[in-house]
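A short write-up of the structure that comes next.
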Amino acid sequence: MSKILTAYFSASGTTKKLAKTIAETAKSDLFEIVPEIPYTNDDLKWTNKSSRSSVEMNDKNSRPKISSKVENMEQYDSVFIGFPIWWYEAPRIIQTFLESYDFSGKNIVTFATSGGSGMGKTNNILKLSCSPDAKWCDGKRLSSNTDANTIKNWLDELNI
Ligand SMILES: Cc1cc2nc3c(=O)[nH]c(=O)nc-3n(C[C@H](O)[C@H](O)[C@H](O)COP(=O)(O)O)c2cc1C
């Protein structure tokens with residue numbers, strides 16, 4: 001049987017809820033990507049050009065540190081990676097995560113929550129940070145309330 005990991009970053013709990021439903025439905029392990037320095041409410045203010053999130057998203061090379069590592073990443077055949085959309089992209093910490101492991105040969109599937117935006121160029125940007133011989137699968141923007149049945153249909157379509 002293939003072994004799956006659902007890894008996610010969630011600044012305010014929305015993606016966390018979705019990640020839990022995906023992990024339960026896929027019977028996967030669950031890993032929270034926790035920033036070494038947690039984001040405060042002020043850090044998340046997108047209306048403020050000098051807030052931490054604005055500064056990071058304006059810097060393509062920003063790589064916020066993660067507080068812990070996935071044990072034995074090599075045991076997983078597939079990794080779901082979830083995040084909120086920030087400025088039509090994934091938060092930079094997702095690039096930190098992708099650049100921290102060898103994903104060669106693994107299925108990588110993204111998923112996101114947002115206020116309404118789709119994934120845009122997110123996957124193209126993230127792919128550049130992932131091992132080139134990973135099997136990348138452009139994922140979906142989903143509502144945090146997506147029910148287990150809808151998730152199951154999506155997993156069946158992915159066939160992993
Ligand atoms: C810094 C920042 C930038 C955001 N940019 C967008 C955006 O471009 N499009 C959008 O639809 N929502 C945007 N949002 C809203 C989040 O994507 C949305 O609230 C998400 O579900 C939050 O997930 P979380 O609770 O897991 O952090 C942004 C939120 C923040 C904090």
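Chains: A, B, ... in order of the structure tokens. Residues: from 1 per chain. Ligands: from 1, in order shown.
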* Taking only C-alpha atoms and all ligand atoms into account, report as a ChimeraX atom specification which residues have an atom no farther than 10 Å from an atom of ligand 1. => /A:8-19,39,41-48,51-57,82-91,112-120,141-144
For the residues in the current selection, export C-alpha atoms as an mmCIF file, in the first residue's frame.
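Written output follows (part_25.cif):
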```cif
data_model
loop_
_atom_site.group_PDB
_atom_site.id
_atom_site.type_symbol
_atom_site.label_atom_id
_atom_site.label_comp_id
_atom_site.auth_asym_id
_atom_site.auth_seq_id
_atom_site.Cartn_x
_atom_site.Cartn_y
_atom_site.Cartn_z
ATOM 1 C CA TYR A 8 0.366 21.936 5.534
ATOM 2 C CA PHE A 9 1.029 25.493 6.638
ATOM 3 C CA SER A 10 -1.882 27.416 8.087
ATOM 4 C CA ALA A 11 -1.569 30.896 9.595
ATOM 5 C CA SER A 12 -5.140 31.168 10.870
ATOM 6 C CA GLY A 13 -6.616 27.662 10.895
ATOM 7 C CA THR A 14 -8.507 27.496 7.580
ATOM 8 C CA THR A 15 -6.032 25.312 5.697
ATOM 9 C CA LYS A 16 -5.520 23.239 8.848
ATOM 10 C CA LYS A 17 -9.183 22.210 8.800
ATOM 11 C CA LEU A 18 -8.989 21.158 5.150
ATOM 12 C CA ALA A 19 -5.683 19.347 5.699
ATOM 13 C CA TYR A 39 3.031 34.909 12.363
ATOM 14 C CA ASN A 41 -1.918 39.261 13.371
ATOM 15 C CA ASP A 42 0.192 42.290 12.444
ATOM 16 C CA ASP A 43 2.520 40.067 10.371
ATOM 17 C CA LEU A 44 -0.497 38.963 8.299
ATOM 18 C CA LYS A 45 -1.788 42.447 7.422
ATOM 19 C CA TRP A 46 -1.705 42.522 3.640
ATOM 20 C CA THR A 47 -2.872 46.136 3.600
ATOM 21 C CA ASN A 48 0.411 47.131 5.247
ATOM 22 C CA SER A 51 4.149 43.862 7.375
ATOM 23 C CA ARG A 52 6.185 40.654 7.567
ATOM 24 C CA SER A 53 3.986 38.804 5.052
ATOM 25 C CA SER A 54 4.154 41.707 2.569
ATOM 26 C CA VAL A 55 7.941 41.941 2.884
ATOM 27 C CA GLU A 56 8.374 38.165 2.435
ATOM 28 C CA MET A 57 6.034 37.961 -0.541
ATOM 29 C CA GLY A 82 -1.376 22.597 1.598
ATOM 30 C CA PHE A 83 -1.232 26.340 2.236
ATOM 31 C CA PRO A 84 -3.250 29.574 2.143
ATOM 32 C CA ILE A 85 -2.931 31.729 -0.977
ATOM 33 C CA TRP A 86 -0.964 34.876 -0.195
ATOM 34 C CA TRP A 87 -0.831 37.457 -2.957
ATOM 35 C CA TYR A 88 -1.955 34.858 -5.539
ATOM 36 C CA GLU A 89 0.908 32.540 -4.552
ATOM 37 C CA ALA A 90 1.963 30.116 -1.843
ATOM 38 C CA PRO A 91 3.594 31.664 1.234
ATOM 39 C CA ALA A 112 -4.833 25.615 -1.049
ATOM 40 C CA THR A 113 -7.483 27.724 0.646
ATOM 41 C CA SER A 114 -8.039 31.391 -0.163
ATOM 42 C CA GLY A 115 -10.473 34.255 0.078
ATOM 43 C CA GLY A 116 -11.516 33.423 -3.471
ATOM 44 C CA SER A 117 -8.405 33.478 -5.700
ATOM 45 C CA GLY A 118 -7.446 30.320 -7.541
ATOM 46 C CA MET A 119 -3.955 28.833 -7.640
ATOM 47 C CA GLY A 120 -2.793 31.193 -10.444
ATOM 48 C CA ARG A 141 -8.018 25.493 -4.329
ATOM 49 C CA LEU A 142 -10.672 24.059 -2.056
ATOM 50 C CA SER A 143 -13.001 25.441 0.578
ATOM 51 C CA SER A 144 -12.059 24.544 4.148
#
```
* **Backbone DSSP call of alpha helix (DSSP H) for chain A, listed as a PyMOL selection string** => chain A and resi 14-26+52-57+92-98+122-127+148-158
* **Contact residues around Asn159 in chain A with only C-alpha atoms at 12 Å, ignoring same-chain residues under 5 positions, as a ChimeraX atom specification** => /A:2,26,78,107,109,137,152-154
* Spatial neighbours of range 69-75 of chain A, 10 Å, only C-alpha atoms, chain gap at least 5 places, as an MDAnalysis selection string -> chainID A and resid 2:5 7 30:34 97 100:104 106
* Asked: Could you name the residues that touch Leu126 in chain A at 8 Å or less, counting only C-alpha atoms, but leaving out those on the same chain fewer than 4 positions away, as a PyMOL selection string?
  -> chain A and resi 90+94-95+98+122+130
* **For Ile160 in chain A, the nearest of the candidates A:Glu36, A:Asp77, A:Asp138, A:Asp59, counting only C-alpha atoms** =>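 Smallest distance to Ile160 in chain A is found for A:Asp77.
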* Do a neighbour search on Thr110 in chain A at 6 Å with only C-alpha atoms, toss out local chain neighbours closer than 5 positions, and write the hits as an MDAnalysis selection string. => chainID A and resid 80:82 139
Write a file of the selected residues as a PDB file, in the first residue's frame, keeping C-alpha atoms.
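Okay, part-v4.pdb is ready:
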```
ATOM      1  CA  PHE A  80       0.088  16.498  -0.280  1.00  0.00           C
ATOM      2  CA  ILE A  81       1.201  20.059   0.449  1.00  0.00           C
ATOM      3  CA  GLY A  82      -1.376  22.597   1.598  1.00  0.00           C
ATOM      4  CA  GLY A 139      -3.619  20.590  -7.099  1.00  0.00           C
TER       5      GLY A 139
END
```
Would you list the contacts of Pro64 in chain A as a PDB file with N, CA and C atoms, in the first residue's frame, taking every protein, DNA or RNA residue within 7 Å and counting only C-alpha atoms, but skipping same-chain residues closer than 6 positions in sequence?
```pdb
ATOM      1  N   PRO A  35       6.173  27.655  11.445  1.00  0.00           N
ATOM      2  CA  PRO A  35       7.302  28.577  11.289  1.00  0.00           C
ATOM      3  C   PRO A  35       8.104  28.689  12.577  1.00  0.00           C
ATOM      4  N   ARG A  92       5.991  31.980   1.182  1.00  0.00           N
ATOM      5  CA  ARG A  92       7.397  31.572   0.913  1.00  0.00           C
ATOM      6  C   ARG A  92       7.823  30.353   1.726  1.00  0.00           C
ATOM      7  N   ILE A  93       7.212  30.124   2.881  1.00  0.00           N
ATOM      8  CA  ILE A  93       7.619  28.993   3.732  1.00  0.00           C
ATOM      9  C   ILE A  93       7.374  27.657   3.014  1.00  0.00           C
ATOM     10  N   THR A  96      10.503  26.994   1.328  1.00  0.00           N
ATOM     11  CA  THR A  96      11.462  26.463   2.318  1.00  0.00           C
ATOM     12  C   THR A  96      11.233  24.963   2.470  1.00  0.00           C
TER      13      THR A  96
END
```
* Of the candidates A:Ser50, A:Asn58, A:Ser131, A:Thr146, which shows the shortest atom-to-atom distance to Lys20 in chain A, using only C-alpha atoms? ->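 Checking each candidate against Lys20 in chain A, we get A:Thr146 as the closest.
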